[in-house]
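Inspection log for the structure reproduced underneath, given as C-alpha cells.
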There are 2 protein chains.
Amino acid sequence: MINRDGTPTINDVAALAGVHKRTVTRVMNSSSKVKAATRAKVEQAIEVLNFSPNRQARGLAAKRSFLLGLVYDAPTLFINDILKDTLGIIEDEGYELVVHACHYPSENVVKDVTRFVKRANLDGVIVLPPVADIADIGKELQKAGCPYVRVTSDVSDETSRLVVTDYLSAISDMTRHLVEFGHREFGFISGPNTHLSSRKRHEAFVQALSTHGIELPAEMVVEGAYTFDSGLMAANQLLSRERRPTAIFAANDEMAFGVIKVANQLGLKIPADLSLVSFDGTPFSNFAVPTLSTIIRPTGLMAKLATQKMLAQFNSGSNATHISETMISPQFEARESTGPVPGR
Amino acid sequence: MINRDGTPTINDVAALAGVHKRTVTRVMNSSSKVKAATRAKVEQAIEVLNFSPNRQARGLAAKRSFLLGLVYDAPTLFINDILKDTLGIIEDEGYELVVHACHYPSENVVKDVTRFVKRANLDGVIVLPPVADIADIGKELQKAGCPYVRVTSDVSDETSRLVVTDYLSAISDMTRHLVEFGHREFGFISGPNTHLSSRKRHEAFVQALSTHGIELPAEMVVEGAYTFDSGLMAANQLLSRERRPTAIFAANDEMAFGVIKVANQLGLKIPADLSLVSFDGTPFSNFAVPTLSTIIRPTGLMAKLATQKMLAQFNSGSNATHISETMISPQFEARESTGPVPGR
DNA sequence: TTACTAATTGCTACCGGTAGCATAATGGTC
DNA sequence: GACCATTATGCTACCGGTAGCAATTAGTAA
C-alpha cells in the first residue's frame, strides 16, 4: 500500500484508518471536530506507519514553508549563541532554520536578503547585526510581505519587529566603575564606523563620561574593525603617545585581546598600569589573562525574544501573550582587567 | 494577470510569453530542445516578471527539496568556519542550508538526525564531528536513502561519503618539534573519551612519541572536556605534580587557554618554563599571550571537500570530476608557546 | 416516530511546478 | 508537391497535502 519509495503519505494513513484523507488532515491540524473514536483510529494509523507529513506538499497547499531564516554577516561567537538558542525554540514549533550569510557593508545587501527570503520561500526571517542595522531591510521585507525581526540598536521600526540593545546603562555602569577607580584619561577603540553598534557604543561612552564631567578627546579615539589585528594597531597608537590613557575601552572582546598583547609587549601590566574593558562578554573574555572586565550581552534572552516576536507574527490570532519587551540590557561585569588608576 | 499575492508563477510567465508552461519548464531546466526565438521570449518574460520558481512546488513534483542539512553538536569556531564555506558553495549551486544541532553523547542522536532529514525533506546532509563519528549514522542515512557526507576520523564507510582527518602527520611534526627542543617529559590533556577525535589525537601522540623512544605515562594523561574549565583543572593536575612535564599537548585551543592561565598563576613562564602546544588553530590561538603553537585544521578545504562530495552524489551522471581526495592533513605551526626545554 | 438542527465526515478543486506522451510544425528528399 | 523523419510545443496527469462545501450521520425536541 505504502508509497514506492517507502515514505507513507496521508493517503496511506487514510486508507489504513479507513477514513478519508480530509479527516486525517483534521486530526493532524487538530482544528475542527473529529469524533474521539475516529481520531484514535487515525492517530494509531499515523503511529503504525510512522507518518510525518511532507513539508513541501504542506507548504504548497497552505502557502507556508515552515522554514525560518537567519541572516547575519559573519559567523561570530555572538552569532553562534543566537543560532543555538533560536534553533532550540523554533524546532519545537515545527520550523526548520535556514541560514544565510551576506557581506555587510555592501550596496546590495538589501536585495541579497530579499532574494534569499523569496528564493527559500521563508515564512519569516530573523536578521542579526550588523545587517539588521539597515532600516531599509525592514521596509523591503515588509513590502515583500515577509514577517521579520531585526536584532539591532536602530529603532526606526515597530517594536513588534525589533529586539533592541540598550547600550547606555551598561556603559554608564562600566564608566562609573572606572571613574570610581580614579581614571580620568580614557582611550576608546571603536569598531568600524560603518557599524551602528560601534557608533552607539561610542556615543554611549561619550555620554557616560560627560556625566562625570570628563571629555573624550578625538586623539583618544581610534577606529578599529572589531578584529584582533585592528586592536593591535589601535592599542599601539593609543599606548605609544607621550600621554597615554590610563584606561581603554575596546568596543569588542577581540580587539581587547589585541590591547592585552600590546600592553605585554610594552611591559605594561594590566590592571596595574592600564585598565581595560571590553564589550561582548564572549566566553573568551574569561579565558584571557587577566580576565576581561566586559559588558555581557544576554544572547540567550535576545534569541528568545527575537524568536518569540517572530512566531507571534504567525500566531497573531492565537493566545500567544503579547510580547511587550523590546529592550535588551547588557550587563557590565568587573573582572581582573580593571583596577585603580596608577599612582593612586 | 499576476498571482494575487504578487508572486508570479510559471503560468504567468507562460501567458506573457504566449507559450505553454511546459515550454517554460523546458527553458528553465534547459534540458530538451527549444527554438531559440521561443527561448528568448520566455527568458524575457521571466526577466520582466522577475520570476523565480516556487521551491515547494518544484520540490513536490521533482521529489527534491533543494535543501541541504548541516548537523553538528555545538556551534564552535570550527563549526563556524565550516558553515561559512559550505554556505558559500551550496548557495551557488541553488541549494539552501538548514542547520540542526543535536546533543552528542546521547542514545538517540542517530534517530534525531534521521528524523531531521526526513522532517526537513533534505536532499542531503553533511554531518560534522563529533556526531559524524558515529558510524551508525551513515548506515541509517543510507537506509533512509539520504545522501550524506561524514566529516570524521572514522573510516568505516565508503570514501565517497567521507572527509577524514589524518592526525598522524601533523602530530608527529609537532612531536618532533618538541623533541628537538629537548623535551622528554610530556603531559597530554585529552578531550572527552567519548569523542573519537580525542582518542585519535591521543593515539597519534603516543605513536609519535614512541618513534622517539619516549613513553607517555598514564599519570601524565588527563581527560578534559574540550572546555576552558576542564583545561584549568587538567593543567592544575599536571603542573602541581612534583615531577611536572616540560611540555604539554592540549587536545584543543580552548583547553590550552586554561593551561596558560594556570601557568601564570603558578609563576611558570611559557615557553621558558613550559612549552605548550594545542590543536585546532582557531583564530584565538593567535590572540593568546604567548601565541599558541598549534595544529591548524584546513577548515576551508574540509568544507569544500565535504560539499563537493555531497553534490557529487546528485550529479553522479554529470561531468562532475570524480573526487578522489578524502584525507585532510592539518598542519603544525610553531609559534611562541614552544621553546627549548628548561635548563638546556 | 418524525422533523430538524448540529456534529462529523467525504468529495473535490486547488497550490505551482515536472515530465510522459501526443500533436503540430519544420525540413529534407525524391 | 507529397511523404516521412525530425524537432518543437502543447495537453494532462500527477506530487502530497489543505480547505471550502456538500453529504451523511447523530442528537434532540416535539
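Letters A, B, ... go to the chains of the C-alpha cells in the order shown; residues in each chain start at 1; ligands are counted from 1 in the same order.
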Chain D residues near chain A (12 Å cut-off, only C-alpha atoms (C1' of nucleotides)) as a list in words: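 The selection requested is DC15, DG16, DG17, DT18, DA19, DG20, DT25 and DA26 of chain D.
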Spatial neighbours of DT5 of chain C, max dist 12 Å, only C-alpha atoms (C1' of nucleotides), sep filter under 4 positions, as a list of chain:residue names: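 Listing them by chain and then by number gives D:DA26, D:DG27, D:DT28, D:DA29.
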Residues of chain B that approach chain A to 7 Å or less, counting only C-alpha atoms: could you list each one with the shortest pair of atoms and its distance in Å to one decimal, rows by chain and increasing residue number, as a Markdown table?
| residue | atom | partner | partner_atom | distance |
| --- | --- | --- | --- | --- |
| B:Arg55 | CA | A:Asn121 | CA | 6.8 |
| B:Gln56 | CA | A:Gln56 | CA | 4.8 |
| B:Ala57 | CA | A:Leu60 | CA | 6.0 |
| B:Gly59 | CA | A:Gln56 | CA | 6.5 |
| B:Leu60 | CA | A:Gln56 | CA | 5.6 |
| B:Pro75 | CA | A:Asn80 | CA | 5.8 |
| B:Asn80 | CA | A:Pro75 | CA | 5.8 |
| B:Glu96 | CA | A:Val98 | CA | 6.7 |
| B:Leu97 | CA | A:Val98 | CA | 5.5 |
| B:Val98 | CA | A:Val98 | CA | 4.4 |
| B:Val99 | CA | A:Leu97 | CA | 6.1 |
| B:Ala120 | CA | A:Arg55 | CA | 6.8 |
| B:Asn121 | CA | A:Arg55 | CA | 6.8 |
| B:Phe257 | CA | A:Phe287 | CA | 6.1 |
| B:Gly258 | CA | A:Phe287 | CA | 6.9 |
| B:Lys261 | CA | A:Val289 | CA | 6.3 |
| B:Phe287 | CA | A:Phe257 | CA | 6.1 |
| B:Val289 | CA | A:Lys261 | CA | 6.3 |
Find the residues of chain C in contact range of chain A, meaning any atom within 12 Å when counting only C-alpha atoms (C1' of nucleotides), and list them as a list in words. DA6, DA7, DT8, DT9, DG10, DC11, DT12, DA13, DC14, DC15, DG16 and DG17 of chain C
Write down as a ChimeraX atom specification the residues belonging to segment 188-281 of chain A that are assigned helix (DSSP H, G or I) by DSSP computed on the backbone. /A:196-210,218-220,228-239,253-266
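DSSP, applied to the backbone of this structure, assigns strand (DSSP E or B) to the following residues of segment 172-284 of chain A: Phe186, Gly187, Phe188, Ile189, Ser190, Val221, Val222, Glu223, Ala247, Ile248, Phe249, Ala250, Ser275, Leu276, Val277, Ser278, Phe279 and Asp280 of chain A.
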